[in-house]
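Participant: Dropping the structure in here first, questions after.
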Amino acid sequence: MSLLVDFVSMNRRWCQGLLKMFPSFFSWPDSSAYMNDRVEKALARGPSRILEVGGVDRPFLPKSSDYFYAGLDIEERPHCYEVYDSFLVQSVEQPVAGKYDLVLSKTLLEHVPDNQASFKAMCEGLDASGEMIHMIPMKGHPYALILRAVGPRMQKQLLHFLHPRNESVTGYPTFFNHCTAEEIRSLLEENGMVEIDIRCFYMASDYFKFLMPLFVLVFCFEKICQKLEWKTFAALIVVSARAPAEASSQSRST
């Protein structure tokens with residue numbers, strides 16, 4: 001086992017050396033920066049009630065007197081009740097109590113077994129003209145294909161080698177239910193959402209730094225997919241959508 005650990009560590013150092021030697025080549029659009037920008041623009045519109053799903057005790061936003069900030073997760077920790085104004089212990093697949101102007105999540109929905117139910121619950125939890133913003137890993141990237149192949153039971157052990165630094169926060173079972181750009185758009189449309197915007201990001205080759213040749217191969221594959229806009233192989237998407245105005249919402253419900 002120690003030899004394997006040393007081998008992986010050596011390959012990670014080689015990969016980091018490549019990144020330092022060729023920074024312009026090994027560069028990507030920053031998905032987190034894009035997500036932050038979308039959320040900042042949403043906050044500028046002055047939402048009074050915000051719901052974050054899947055944040056546990058690591059919220060995306062700070063508490064503020066400018067809005068009521070609720071958290072929702074199946075996992076409960078003592079700190080949850082300090083970082084949010086309110087915290088709900090439940091699955092996002094279940095109906096959400098209350099109405100919100102903004103619902104957001106970051107790398108949660110790939111862990112949900114039934115995203116048809118989760119999007120229905122989140123959309124119904126939006127007030128008229130409310131907005132949702134999500135960052136969602138996709139199921140067609142080589143990393144996702146490996147996780148899907150090994151199944152939930154072996155995923156945490158595999159993450160120990162693929163991405164050990166994030167093992168504590170990413171070691172949850174992944175299902176990738178409806179996790180393609182097309183399927184996410186369809187779920188939003190089914191729930192009457194409008195102004196749907198989806199941006200694809202392709203970089204997840206960090207998970208392959210345990211073997212430098214494989215890292216380079218996956219990275220080049222990602223570059224080709226980005227150039228050709230092959231959404232099927234995207235690593236993740238940032239999606240935003242808006243609930244219809246009150247009149248449209250009423251006509252939908254009837």
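We name chains A, B, ... following the order of the structure tokens; residues begin at 1 in each chain, and ligands are numbered from 1 as shown.
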If we count only C-alpha atoms, what is near stretch 11-13 of chain A at a cut-off of 7 Å, once residues fewer than 2 positions away on the same chain are taken out, given as a list of chain:residue names?

Facilitator: A:Phe7, A:Val8, A:Ser9, A:Cys15, A:Gln16, A:Gly17, A:Lys209, A:Phe210, A:Leu211, A:Met212

Participant: Can you tell me, as a CSV table (one decimal) with C-alpha atoms, in the first residue's frame, which residues in stretch 12-245 of chain A count as alpha helix (DSSP H) by DSSP?

Facilitator:
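And here's result37.csv as it stands now:
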```csv
chain,number,residue,atom,x,y,z
A,12,ARG,CA,0.7,14.3,-8.6
A,13,ARG,CA,4.0,16.2,-8.2
A,14,TRP,CA,4.7,15.6,-11.9
A,15,CYS,CA,1.3,16.9,-12.8
A,16,GLN,CA,1.8,20.0,-10.7
A,17,GLY,CA,5.1,20.6,-12.4
A,18,LEU,CA,3.4,20.5,-15.8
A,19,LEU,CA,0.9,23.0,-14.6
A,20,LYS,CA,3.7,25.4,-13.5
A,21,MET,CA,5.7,24.9,-16.7
A,31,SER,CA,-16.7,27.6,-13.2
A,32,SER,CA,-16.6,28.8,-9.6
A,33,ALA,CA,-16.0,32.4,-10.6
A,34,TYR,CA,-18.9,32.1,-13.1
A,35,MET,CA,-21.2,30.7,-10.4
A,36,ASN,CA,-20.2,33.5,-8.0
A,37,ASP,CA,-20.9,36.1,-10.7
A,38,ARG,CA,-24.4,34.7,-11.4
A,39,VAL,CA,-25.2,34.7,-7.6
A,40,GLU,CA,-23.8,38.3,-7.2
A,41,LYS,CA,-26.1,39.5,-10.0
A,42,ALA,CA,-29.0,37.7,-8.4
A,43,LEU,CA,-28.3,39.3,-5.0
A,44,ALA,CA,-28.1,42.7,-6.7
A,80,CYS,CA,-25.8,24.6,10.7
A,81,TYR,CA,-28.0,26.6,13.0
A,82,GLU,CA,-25.3,29.3,13.3
A,83,VAL,CA,-24.5,29.9,9.7
A,115,ASN,CA,-33.8,14.8,-9.6
A,116,GLN,CA,-37.3,14.8,-11.2
A,117,ALA,CA,-38.6,15.1,-7.6
A,118,SER,CA,-35.9,17.6,-6.5
A,119,PHE,CA,-36.5,20.0,-9.3
A,120,LYS,CA,-40.3,19.8,-8.8
A,121,ALA,CA,-39.8,20.6,-5.1
A,122,MET,CA,-37.4,23.5,-5.7
A,123,CYS,CA,-39.5,25.0,-8.5
A,124,GLU,CA,-42.6,24.9,-6.3
A,142,PRO,CA,-14.7,10.2,-17.9
A,143,TYR,CA,-14.5,10.9,-14.1
A,144,ALA,CA,-18.3,10.5,-13.8
A,145,LEU,CA,-18.3,7.4,-16.0
A,146,ILE,CA,-15.8,5.8,-13.6
A,147,LEU,CA,-17.9,6.6,-10.5
A,148,ARG,CA,-21.0,5.3,-12.2
A,149,ALA,CA,-19.2,2.1,-13.2
A,150,VAL,CA,-17.9,1.3,-9.7
A,152,PRO,CA,-21.9,4.0,-4.7
A,153,ARG,CA,-20.2,1.5,-2.4
A,154,MET,CA,-16.7,1.8,-3.9
A,155,GLN,CA,-16.8,5.5,-4.7
A,156,LYS,CA,-15.5,6.8,-1.4
A,157,GLN,CA,-12.5,4.3,-1.5
A,158,LEU,CA,-11.8,5.4,-5.1
A,159,LEU,CA,-11.9,9.1,-4.1
A,160,HIS,CA,-9.2,8.4,-1.6
A,161,PHE,CA,-6.8,8.0,-4.6
A,162,LEU,CA,-8.5,10.2,-7.2
A,167,GLU,CA,-12.5,13.3,0.1
A,168,SER,CA,-14.2,14.6,3.2
A,169,VAL,CA,-16.6,16.9,1.3
A,170,THR,CA,-17.0,14.8,-1.9
A,181,ALA,CA,-27.5,19.6,-19.9
A,182,GLU,CA,-30.4,18.4,-22.0
A,183,GLU,CA,-32.1,16.5,-19.2
A,184,ILE,CA,-31.7,19.5,-16.8
A,185,ARG,CA,-33.2,21.8,-19.3
A,186,SER,CA,-36.2,19.4,-19.8
A,187,LEU,CA,-36.8,19.2,-16.1
A,188,LEU,CA,-36.8,23.0,-15.8
A,189,GLU,CA,-39.2,23.3,-18.8
A,190,GLU,CA,-41.5,20.6,-17.3
A,212,MET,CA,0.4,11.7,-15.2
A,213,PRO,CA,-0.1,10.2,-18.7
A,214,LEU,CA,-3.8,9.6,-18.0
A,215,PHE,CA,-4.1,13.2,-16.7
A,216,VAL,CA,-2.6,14.6,-19.9
A,217,LEU,CA,-4.8,12.3,-22.0
A,218,VAL,CA,-8.0,13.3,-20.2
A,219,PHE,CA,-7.0,17.0,-20.3
A,220,CYS,CA,-6.5,16.9,-24.1
A,221,PHE,CA,-9.9,15.1,-24.4
A,222,GLU,CA,-11.5,17.9,-22.4
A,223,LYS,CA,-9.9,20.5,-24.6
A,224,ILE,CA,-11.3,18.8,-27.8
A,225,CYS,CA,-14.8,18.5,-26.2
A,226,GLN,CA,-14.7,22.2,-25.3
A,227,LYS,CA,-13.6,23.3,-28.7
A,228,LEU,CA,-16.3,21.2,-30.4
```

Participant: A:Leu102: which residues within 12 Å, counting only C-alpha atoms, same-chain residues fewer than 4 positions away excluded, as an MDAnalysis selection string?

Facilitator: chainID A and resid 38:53 61 67:71 98 122:134 240:243

Participant: Considering only strand (DSSP E or B) as DSSP defines it on the backbone, what residues of stretch 38-176 of chain A qualify? List them as a PyMOL selection string.

Facilitator: chain A and resi 49-53+64+67-73+86-89+100-106+126-137

Participant: What's the separation between atom CA of A:Glu93 and atom CA of A:Glu75, in Å to one decimal place?

Facilitator: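 Computed distance, atom CA of A:Glu93 to atom CA of A:Glu75, equals 13.9 Å.
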
Participant: So what do you get for atom CA of A:Leu104 versus atom CA of A:Glu76, distance-wise?

Facilitator: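 About the pair atom CA of A:Leu104 and atom CA of A:Glu76: they are 18.4 Å apart.
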
Participant: To one decimal place in Å, what is the distance between atom CA of A:Ile237 and atom CA of A:Thr180?

Facilitator: 8.6 Å

Participant: From the set A:Val112, A:Pro95, A:Val103, A:Trp28, which residue has the shortest atom-to-atom contact distance to A:Ala235, counting only C-alpha atoms?

Facilitator: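 The answer is A:Trp28, which sits nearest to A:Ala235.
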